[in-house]
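Student: Quick one: the structure is below, questions incoming.
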Amino acid sequence: MPVQRTSRDGSQIKVYYCGNKHGVWQAYSFAERRATLKNVVCFVDKDLDEFCAAELPARDRLFVTQFYSIENYLCTPSGVDTFLGIVVGLANDSPVKAALLAKFGESLAQFQRVMLPVLAWAVASRIRGAKIVFANVGPSLDCCIALEDFQPREKYDLVEFFQGKCIDDHELSATKAEVSHWIEILTRMEPKTWLRGKYELWFVLKFMNETWEGLAGQLLTDRRKIEKAFHLSADNVFAVLGDKLAPPLGLSEFLQKNIAA
């Protein structure tokens, strides 16, 4: 069943969640065959396809994210800056805000380095024909990563942990040499192209919520204190911040081209 939504200009939008890329492709093919279906566009996350030669066929009304997934677009200094300003209430010239943004940049870079071997293993294993099911771990990494002052610390060897959780046929699991090879390749690339968006969002939500809790009670003005009014989660963060950030690269042009006035 579709989810009915209303755009800013009052237009009615029906959103269908198709489950996975195969479901999206089936929906697209159906819409393409029906001449009466206008203003139908489809969206998929890129994930690791570009590294594994498994890209979807190019189509005019199909938008594929530039990054691993849509969550990665929120996990930026701009996203945290917007959060600290609009949600928490810190002024643009606040030294506290500047210090937190610097800390976020350092912590996020460290988190990306910690996760790099895991995603290198996933790419190398998929190339060997393995099916990697990250959903077996879930969106939270509390089970395997501890954050100490926002510095990630592995509770276990992460590659071994994910190998034990996310692959059925261990004979198809990548060798250490293959993992090292892909670490070298991915290191030269923008981390958001290979880091699973749900994991990056887990880290960023941790940063936002714990930062907000730490600031709660401090004075913004003589009469106003910082209050933590709610908990940010994967379920509400897009509603809170999504329309306040720049859209994914190419999305505006894609919509203008494919949605009739």
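Chain labels run A, B, ... following the order of the structure tokens; each chain numbers its residues from 1, and ligands are numbered from 1 in the order shown.
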Given only C-alpha atoms, how would the per-residue table for stretch 76-131 of chain A near stretch 174-181 of chain A read, listing every residue at most 9 Å away with its closest atom pair and distance in Å to one decimal, sorted by chain and number, as a Markdown table?
Tutor:
```
| residue | atom | partner | partner_atom | distance |
| --- | --- | --- | --- | --- |
| A:Pro117 | CA | A:Val179 | CA | 6.9 |
| A:Val118 | CA | A:Val179 | CA | 8.6 |
| A:Leu119 | CA | A:Val179 | CA | 8.9 |
| A:Ala120 | CA | A:Val179 | CA | 5.5 |
| A:Trp121 | CA | A:Val179 | CA | 5.0 |
| A:Ala122 | CA | A:Ala174 | CA | 7.9 |
| A:Val123 | CA | A:Val179 | CA | 8.3 |
| A:Ala124 | CA | A:Ala174 | CA | 5.5 |
| A:Ser125 | CA | A:Ala174 | CA | 4.7 |
| A:Arg126 | CA | A:Ala174 | CA | 8.4 |
| A:Ile127 | CA | A:Ala174 | CA | 8.7 |
| A:Arg128 | CA | A:Ala174 | CA | 7.3 |
| A:Ala130 | CA | A:Ala174 | CA | 8.9 |
```
Student: Given the selection you just returned, output its residues as a file containing C-alpha atoms, formatted as an mmCIF file, in the first residue's frame.
Tutor:
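Full text of again_9.cif as output:
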```cif
data_model
loop_
_atom_site.group_PDB
_atom_site.id
_atom_site.type_symbol
_atom_site.label_atom_id
_atom_site.label_comp_id
_atom_site.auth_asym_id
_atom_site.auth_seq_id
_atom_site.Cartn_x
_atom_site.Cartn_y
_atom_site.Cartn_z
ATOM 1 C CA PRO A 117 38.311 -3.116 6.290
ATOM 2 C CA VAL A 118 34.713 -4.318 6.743
ATOM 3 C CA LEU A 119 33.503 -2.733 3.522
ATOM 4 C CA ALA A 120 36.656 -3.819 1.678
ATOM 5 C CA TRP A 121 35.901 -7.374 2.810
ATOM 6 C CA ALA A 122 32.293 -7.012 1.634
ATOM 7 C CA VAL A 123 33.317 -5.804 -1.836
ATOM 8 C CA ALA A 124 35.945 -8.513 -2.285
ATOM 9 C CA SER A 125 33.557 -11.216 -1.083
ATOM 10 C CA ARG A 126 30.748 -10.065 -3.375
ATOM 11 C CA ILE A 127 33.124 -10.186 -6.323
ATOM 12 C CA ARG A 128 33.789 -13.813 -5.415
ATOM 13 C CA ALA A 130 29.132 -14.210 -1.916
#
```
Student: Give me the residues within 7 Å of stretch 151-166 of chain A as a list in words, counting only C-alpha atoms and dropping any in the same chain fewer than 4 places off.
Tutor: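 With the cut-off at 7 Å, the set is Ser107, Gln110, Phe111, Pro117, Val118, Trp121, Ile132, Val133, Phe134, Asn136, Val137, Cys144, Ile145, Ala146 and Leu147 of chain A.
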Student: What does the file look like for those residues with C-alpha atoms, as an mmCIF file, in the first residue's frame?
Tutor:
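The new file out-v4.cif reads:
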```cif
data_model
loop_
_atom_site.group_PDB
_atom_site.id
_atom_site.type_symbol
_atom_site.label_atom_id
_atom_site.label_comp_id
_atom_site.auth_asym_id
_atom_site.auth_seq_id
_atom_site.Cartn_x
_atom_site.Cartn_y
_atom_site.Cartn_z
ATOM 1 C CA SER A 107 35.609 11.524 14.906
ATOM 2 C CA GLN A 110 38.223 7.851 12.505
ATOM 3 C CA PHE A 111 34.934 5.947 12.269
ATOM 4 C CA PRO A 117 38.311 -3.116 6.290
ATOM 5 C CA VAL A 118 34.713 -4.318 6.743
ATOM 6 C CA TRP A 121 35.901 -7.374 2.810
ATOM 7 C CA ILE A 132 26.509 -10.236 2.046
ATOM 8 C CA VAL A 133 23.525 -9.560 4.320
ATOM 9 C CA PHE A 134 24.332 -6.532 6.484
ATOM 10 C CA ASN A 136 21.961 -9.660 9.973
ATOM 11 C CA VAL A 137 23.888 -7.163 12.102
ATOM 12 C CA CYS A 144 30.684 -4.381 18.060
ATOM 13 C CA ILE A 145 31.883 -0.765 18.423
ATOM 14 C CA ALA A 146 32.223 1.348 21.553
ATOM 15 C CA LEU A 147 32.482 5.131 21.384
#
```
Student: What is the distance, in Å and to one decimal place, between atom CA of A:Asp47 and atom CA of A:Ile185?
Tutor: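 Separation between atom CA of A:Asp47 and atom CA of A:Ile185: 16.1 Å.
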Student: Please return as a list in words: the residues of stretch 61-239 of chain A that backbone DSSP assigns to strand (DSSP E).
Tutor: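 Selection result, strand (DSSP E) within stretch 61-239 of chain A: Leu62, Phe63, Val64, Ile145, Ala146, Leu147, Glu148, Gln151, Pro152, Arg153 and Glu154 of chain A.
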Student: Stretch 27-257 of chain A: which residues are helix (DSSP H, G or I) by DSSP, as a ChimeraX atom specification?
Tutor: /A:27-33,49-52,70-74,77-88,95-127,134-136,158-166,170-172,176-187,191-193,197-215,237-244,251-257
